[in-house]
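**Student:** This structure is in structure tokens; I'll ask about it shortly.
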Amino acid sequence: MVSIRGPLLGAIALLVASTPGAVSTASAATLQMVIVPEEDRFTPFHLTVHVGDTVQFVNNDEDDHTVVTDEKLNTLGLRINQKLVGLEHNNDQPGTLDFTFDSPGTVVYYCRFHSHLDRKHQPVAPGPRGGIESRKGNFGTPMMGVITVEP
Ligand SMILES: [Cu+2]
């Protein structure tokens with residue numbers, strides 16, 4: 001289910017090769033995933049990782065989404081604003097984005113296509129009927145998530 005590719009796989013292979021016979025309990029960096037299923041949400045909503053871990057966002061939806069974090073919404077001072085392409089614009093392959101966190105903290109992120117912030121840069125809370133609502137109607141549940149980076 002979890003696929004490991006590229007330099008991370010190389011690093012793990014090197015680690016295993018250099019410790020023959022040893023049971024690997026080394027704290028190698030791990031890869032965790034946030035999936036966009038075939039609907040407008042990130043799952044899991046909350047993910048706990050450790051410093052040095054890589055979080056890979058995988059978009060299994062037809063539509064494009066985004067991973068956006070405002071530096072006011074996280075304790076790491078991160079400003080991310082990247083498109084996570086969907087199957088429709090990526091030859092039927094899930095689009096991916098990788099982020100490696102190098103310090104502890106909390107990151108709140110959202111999709112700017114499917115969520116919005118108020119004038120004070122706060123996510124607008126779901127309305128009583130489960131979505132973002134205004135006098136013009138219900139615009140759906142905000143698409144967002146939280147990553148806690150532990151030391
Ligand atoms: Cu989206």
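Residue numbers start at 1 in each chain; chains themselves are named A, B, ... in the order of the structure tokens; ligands are numbered from 1 in the order shown.
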As a quick test: using only C-alpha atoms and all ligand atoms, which residues lie no more than 8 Å away from ligand 1? Give them as a VMD selection string.
**Tutor:** chain A and resid 40 to 41 63 to 66 110 to 115 143
**Student:** Could you write those residues out with N, CA and C atoms, as a PDB file, in the first residue's frame?
**Tutor:**
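Okay, this is what ended up in selection_29.pdb:
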ATOM      1  N   ASP A  40     -13.452  15.611  -2.520  1.00  0.00           N
ATOM      2  CA  ASP A  40     -12.710  16.776  -2.060  1.00  0.00           C
ATOM      3  C   ASP A  40     -12.367  16.719  -0.570  1.00  0.00           C
ATOM      4  N   ARG A  41     -11.423  15.877  -0.220  1.00  0.00           N
ATOM      5  CA  ARG A  41     -10.956  15.864   1.167  1.00  0.00           C
ATOM      6  C   ARG A  41      -9.563  15.246   1.227  1.00  0.00           C
ATOM      7  N   ASP A  63      -9.918  15.555 -10.316  1.00  0.00           N
ATOM      8  CA  ASP A  63      -9.676  17.006 -10.297  1.00  0.00           C
ATOM      9  C   ASP A  63      -8.340  17.382  -9.668  1.00  0.00           C
ATOM     10  N   ASP A  64      -7.822  18.523 -10.072  1.00  0.00           N
ATOM     11  CA  ASP A  64      -6.643  19.093  -9.426  1.00  0.00           C
ATOM     12  C   ASP A  64      -7.018  19.622  -8.051  1.00  0.00           C
ATOM     13  N   HIS A  65      -6.072  19.532  -7.127  1.00  0.00           N
ATOM     14  CA  HIS A  65      -6.239  20.156  -5.818  1.00  0.00           C
ATOM     15  C   HIS A  65      -4.961  20.933  -5.511  1.00  0.00           C
ATOM     16  N   THR A  66      -4.889  21.510  -4.347  1.00  0.00           N
ATOM     17  CA  THR A  66      -3.687  22.261  -3.972  1.00  0.00           C
ATOM     18  C   THR A  66      -3.349  21.959  -2.514  1.00  0.00           C
ATOM     19  N   TYR A 110      -4.593  23.574   3.627  1.00  0.00           N
ATOM     20  CA  TYR A 110      -5.908  23.512   2.987  1.00  0.00           C
ATOM     21  C   TYR A 110      -5.723  23.492   1.475  1.00  0.00           C
ATOM     22  N   CYS A 111      -6.814  23.253   0.779  1.00  0.00           N
ATOM     23  CA  CYS A 111      -6.814  23.343  -0.682  1.00  0.00           C
ATOM     24  C   CYS A 111      -7.500  24.646  -1.042  1.00  0.00           C
ATOM     25  N   ARG A 112      -6.802  25.513  -1.759  1.00  0.00           N
ATOM     26  CA  ARG A 112      -7.403  26.811  -2.051  1.00  0.00           C
ATOM     27  C   ARG A 112      -8.529  26.718  -3.073  1.00  0.00           C
ATOM     28  N   PHE A 113      -8.636  25.589  -3.769  1.00  0.00           N
ATOM     29  CA  PHE A 113      -9.765  25.416  -4.690  1.00  0.00           C
ATOM     30  C   PHE A 113     -11.037  25.029  -3.933  1.00  0.00           C
ATOM     31  N   HIS A 114     -10.870  24.409  -2.773  1.00  0.00           N
ATOM     32  CA  HIS A 114     -12.020  23.846  -2.074  1.00  0.00           C
ATOM     33  C   HIS A 114     -12.086  24.241  -0.607  1.00  0.00           C
ATOM     34  N   SER A 115     -11.652  25.425  -0.320  1.00  0.00           N
ATOM     35  CA  SER A 115     -11.732  25.932   1.034  1.00  0.00           C
ATOM     36  C   SER A 115     -11.505  27.429   0.935  1.00  0.00           C
ATOM     37  N   MET A 143     -11.749  21.838   2.563  1.00  0.00           N
ATOM     38  CA  MET A 143     -10.791  20.761   2.342  1.00  0.00           C
ATOM     39  C   MET A 143      -9.502  21.161   3.029  1.00  0.00           C
TER      40      MET A 143
END
**Student:** Between A:Met144, A:Thr30, A:Pro151, A:Glu62, which has the minimum distance to Asn91 (chain A) (counting only C-alpha atoms)?
**Tutor:** A:Glu62
**Student:** What is the distance, in Å and to one decimal place, between CA of Gln56 (chain A) and CA of Glu88 (chain A)?
**Tutor:** 19.5 Å
**Student:** Given only C-alpha atoms as the basis, pick out the residue of A:Lys83, A:Gly77, A:Glu39, A:Asp61 nearest to Ser103 (chain A).
**Tutor:**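 Closest residue, counting only C-alpha atoms: A:Gly77.
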